[in-house]
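Notes follow the structure.
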There are 2 protein chains.
Amino acid sequence: MRTLIGEAGGLRTPGPSAEAYAPANIALCKYWGKRDNELNLPVTASLSISLGRLGTRTRLTPRSGADDRITLNGDPVPADSVFARRLRTFLDPFRAGEAKAFEIETENTIPTAAGLASSASGYAALVMALDRLFGFNWSPAQCSIAARLGSGSACRSIGHGFYRWNRGEREDGMDSFAVPVDTPWPELRIGLLHISSGEKNISSRDAMKRTVETSPLYREWPGKVERDLPRLAEALADRNLHIAGAVSENNALSMHATSLGAWPPVLFWLPETVEKLHAVWQARADGLSVYATMDAGPNIKLLYEASAEPAIRERFPTLEPVSPFEEMPEKSPGAVSGSRVD
Amino acid sequence: MRTLIGEAGGLRTPGPSAEAYAPANIALCKYWGKRDNELNLPVTASLSISLGRLGTRTRLTPRSGADDRITLNGDPVPADSVFARRLRTFLDPFRAGEAKAFEIETENTIPTAAGLASSASGYAALVMALDRLFGFNWSPAQCSIAARLGSGSACRSIGHGFYRWNRGEREDGMDSFAVPVDTPWPELRIGLLHISSGEKNISSRDAMKRTVETSPLYREWPGKVERDLPRLAEALADRNLHIAGAVSENNALSMHATSLGAWPPVLFWLPETVEKLHAVWQARADGLSVYATMDAGPNIKLLYEASAEPAIRERFPTLEPVSPFEEMPEKSPGAVSGSRVD
């Protein structure tokens, strides 16, 4: 982080306040396995779709007290929570001058019931707010790197649409950031199927580590991603749901499969996960174009096109549809949204 | 099959009737993938435990009519069913002389609700009854090969206890048969958890084929089996449930994982499968020594020792326990059971 601050000419006096919005994202080709646990450097590249209106809005205000004050959806966050401690550590390089502490107001537009992680949009919004607050004028790549240091997948949440996180080769991670894949697909829908927002039995971070270390099946993962990524990118450019959906679903199931081969076994699924997967496959057998993807948790996200929505909603009454290319809060030309309040 | 009949000096006039019993078996290191679909030759070796009192008893009686007559648990089996057609084809090499047809009376002592395949014990019992009927005096290895031609895993059902099916190298399969692993473990229990006896959405045969052909994860399978088998054999000799259970559970989950990476995806599980898996892991977290294994279906089998049974039954009230080394119908010294009725 100090490298990025240095590249911007060092810490200046911050403005009075700044805020930014970042969307959550879902990987169609997953980020699964780190080659550096400190810097969140991935074993492979990955590719995501941002979730438009579902994301995080964060306002940062420097304050003179000794302690940060953090609120989440209006409620104070206990200072000793994991969330608060990670946030404080992340903000440490930005403390200077009179106002060494921050007030951090975070609003998630992701309904808790959506079963989506908010750390990606959270760190992306925070980084963009910091950029505005200090006037760093970071490039999207620099924002992406800064967000990655907070949470790996956050590097793909710095804008709307598809993002490809390039693996990079450097040990310092300065070439490992996400770039927009400029192939808009207005008809594409992401349908969230909420299964559980309960505490996971294992964190993504620990599951990833255990899988890399103990599952022989993981050895096939890097090669699989190398084959999946170009097929996926081509399918997105062609707006070919049949291929994009199949590659995404197969990629997600393969990710979960590598974990199942770990010891002790890692299974994110709940009974309802299996019920819904079979329902997706039955829908396809009945002629509907719908595909599933899943992150490191029990929840399922459906991929389909707008025209299929009525039929899909009939089968999945709890569906929460997202239009990633039609609901883009604060979309700015640079694909990074944020505003400095002076 | 004609080779085996030739080795026994050809078809003689059969006796009036013969019967045999063979136990079902569950692989602790799975048979997953064929290198020859006609001869049921496996990609790797495998290792199983026979299920004692759960198995198949078959009586064979030559008859002069044109058609076989097949009964299953007393009920006539329709001649055009898959079951009857496979059986007829299997019996074709044994048709000669006056009585070219057979009456085949099959009794499964596997309760339908046990959710166990009966093809393994079925073909093993049939082969042993044929051996007796024609007086071939086949060796256990020859019986195993003959059973394998009916159904791959049947080659491990020719006796009680642990069996190791050696892969073999020959193209004609004459070195691919199961041998007893003589490490009795009287305290070992297999607990059947019945989840579904419904029709599978895909046959084991087709699932295996699709996995080998389309799942990149399958590439790790042969190497995994090579590492698992010696660890498992050593643990069985030591009666070390901690290792034997862990290797078996990890092997089974890895098998299911390879299928999940196939396209279209193959998932044998039902919602209850996941529920029960989590319950097994919770039981272990609570200090119970219990491990899960699963074949190509939704049902779960538990591995534990007799002393843990009360505690396990409390958590799994529908448990059906099997004592593989204490309930061995018709155990004969040669590990092959059968009787010729002259």
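Ordering of the structure tokens sets the chain letters (A, B, ...); residue numbers start at 1 within each chain; ligands are numbered from 1 in the order shown.
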
Item to check | Distance filter 8 Å, only C-alpha atoms, chain B against chain A, as a list in words | outcome: Pro216, Leu217, Arg219, Glu220, Lys224, Asn250, Asn251, Leu253, Ser254, His256, Ala257, Thr258, Leu260, Gly261, Ala262, Trp263, Pro265, Trp269, Leu270, Pro271, Glu272, Thr273, Val274 and Glu275 of chain B

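Proximity to A:Tyr291 at 6 Å, evaluated using only C-alpha atoms and with sequence-adjacent residues fewer than 6 positions away removed, yields Gly245, Leu302 and Leu303 of chain A.
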
Item to check | Shell of 7 Å around B:Gly191, only C-alpha atoms, local chain residues under 3 positions omitted, as a PyMOL selection string | outcome: chain B and resi 301-303+319-322

Kindly export the residues of the current selection with N, CA, C and O atoms, as an mmCIF file, in the first residue's frame.
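Ended up saving to again29.cif:
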data_model
loop_
_atom_site.group_PDB
_atom_site.id
_atom_site.type_symbol
_atom_site.label_atom_id
_atom_site.label_comp_id
_atom_site.auth_asym_id
_atom_site.auth_seq_id
_atom_site.Cartn_x
_atom_site.Cartn_y
_atom_site.Cartn_z
ATOM 1 N N LYS B 301 -22.872 -44.728 3.795
ATOM 2 C CA LYS B 301 -22.548 -45.839 4.671
ATOM 3 C C LYS B 301 -21.542 -45.337 5.688
ATOM 4 O O LYS B 301 -20.559 -44.690 5.321
ATOM 5 N N LEU B 302 -21.771 -45.666 6.954
ATOM 6 C CA LEU B 302 -20.866 -45.230 8.016
ATOM 7 C C LEU B 302 -19.885 -46.345 8.375
ATOM 8 O O LEU B 302 -20.225 -47.517 8.330
ATOM 9 N N LEU B 303 -18.692 -45.958 8.720
ATOM 10 C CA LEU B 303 -17.687 -46.887 9.225
ATOM 11 C C LEU B 303 -17.415 -46.535 10.683
ATOM 12 O O LEU B 303 -17.135 -45.370 10.991
ATOM 13 N N LEU B 319 -30.232 -45.890 11.334
ATOM 14 C CA LEU B 319 -29.040 -46.708 11.060
ATOM 15 C C LEU B 319 -29.358 -48.195 10.944
ATOM 16 O O LEU B 319 -30.030 -48.754 11.802
ATOM 17 N N GLU B 320 -28.851 -48.826 9.895
ATOM 18 C CA GLU B 320 -28.930 -50.296 9.808
ATOM 19 C C GLU B 320 -27.511 -50.850 9.861
ATOM 20 O O GLU B 320 -26.784 -50.802 8.875
ATOM 21 N N PRO B 321 -27.109 -51.406 11.016
ATOM 22 C CA PRO B 321 -25.724 -51.839 11.181
ATOM 23 C C PRO B 321 -25.481 -53.225 10.584
ATOM 24 O O PRO B 321 -26.348 -54.100 10.655
ATOM 25 N N VAL B 322 -24.315 -53.406 10.016
ATOM 26 C CA VAL B 322 -23.885 -54.701 9.491
ATOM 27 C C VAL B 322 -22.557 -55.046 10.167
ATOM 28 O O VAL B 322 -21.699 -54.178 10.330
#

Checklist entry - Could you pull the residues within 7 Å of stretch 137-148 of chain A, counting only C-alpha atoms, minus those fewer than 6 positions along the same chain, as a PyMOL selection string? => result chain A and resi 1+4+8+40+123-124+127-128+131+154-156+158+174+176-178+336

Item to check | Contact residues around A:Thr109 with only C-alpha atoms at 12 Å, ignoring same-chain residues under 2 positions, as number ranges by chain | outcome: A: 21-24, 51-58, 72-73, 106-107, 111-114, 116-118, 121-122, 329

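Across the structure, atom CA of B:Lys100 and atom CA of B:Ile70 are spaced 14.3 Å apart.
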
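When only C-alpha atoms are used to compute distances to A:Trp165, the closest of the residues A:Phe325, A:Phe102, A:Phe136, A:Tyr31 turns out to be A:Tyr31.
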
Next on the checklist: Please identify the strand (DSSP E or B) residues within stretch 203-306 of chain A (assignment by DSSP from backbone atoms) and present them as a list in words.
Outcome noted: Tyr291, Ala292, Thr293, Ile300, Lys301, Leu302, Leu303, Tyr304 and Glu305 of chain A

Written file, previous selection with N, CA and C atoms, as a PDB file, in the first residue's frame:
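As written to disk, part-v3.pdb reads:
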ATOM      1  N   TYR A 291     -28.239 -21.358 -16.065  1.00  0.00           N
ATOM      2  CA  TYR A 291     -27.031 -21.996 -15.547  1.00  0.00           C
ATOM      3  C   TYR A 291     -26.776 -21.505 -14.134  1.00  0.00           C
ATOM      4  N   ALA A 292     -26.046 -22.317 -13.377  1.00  0.00           N
ATOM      5  CA  ALA A 292     -25.794 -21.977 -11.975  1.00  0.00           C
ATOM      6  C   ALA A 292     -24.334 -21.632 -11.751  1.00  0.00           C
ATOM      7  N   THR A 293     -24.094 -20.726 -10.824  1.00  0.00           N
ATOM      8  CA  THR A 293     -22.735 -20.560 -10.324  1.00  0.00           C
ATOM      9  C   THR A 293     -22.826 -20.374  -8.814  1.00  0.00           C
ATOM     10  N   ILE A 300     -26.739 -20.086  -4.401  1.00  0.00           N
ATOM     11  CA  ILE A 300     -26.645 -20.305  -5.840  1.00  0.00           C
ATOM     12  C   ILE A 300     -27.054 -19.038  -6.579  1.00  0.00           C
ATOM     13  N   LYS A 301     -26.324 -18.724  -7.650  1.00  0.00           N
ATOM     14  CA  LYS A 301     -26.683 -17.610  -8.511  1.00  0.00           C
ATOM     15  C   LYS A 301     -26.980 -18.174  -9.891  1.00  0.00           C
ATOM     16  N   LEU A 302     -28.083 -17.719 -10.481  1.00  0.00           N
ATOM     17  CA  LEU A 302     -28.466 -18.215 -11.797  1.00  0.00           C
ATOM     18  C   LEU A 302     -28.027 -17.237 -12.880  1.00  0.00           C
ATOM     19  N   LEU A 303     -27.646 -17.768 -14.014  1.00  0.00           N
ATOM     20  CA  LEU A 303     -27.331 -16.951 -15.182  1.00  0.00           C
ATOM     21  C   LEU A 303     -28.379 -17.238 -16.247  1.00  0.00           C
ATOM     22  N   TYR A 304     -28.998 -16.195 -16.774  1.00  0.00           N
ATOM     23  CA  TYR A 304     -30.007 -16.378 -17.815  1.00  0.00           C
ATOM     24  C   TYR A 304     -30.188 -15.051 -18.545  1.00  0.00           C
ATOM     25  N   GLU A 305     -31.022 -15.049 -19.562  1.00  0.00           N
ATOM     26  CA  GLU A 305     -31.297 -13.799 -20.269  1.00  0.00           C
ATOM     27  C   GLU A 305     -32.703 -13.305 -19.918  1.00  0.00           C
TER      28      GLU A 305
END

Next on the checklist: Residues of stretch 216-295 of chain B classed as helix (DSSP H, G or I) by DSSP on the backbone are to be reported as an MDAnalysis selection string.
Outcome noted: chainID B and resid 216:237 241:260 271:285
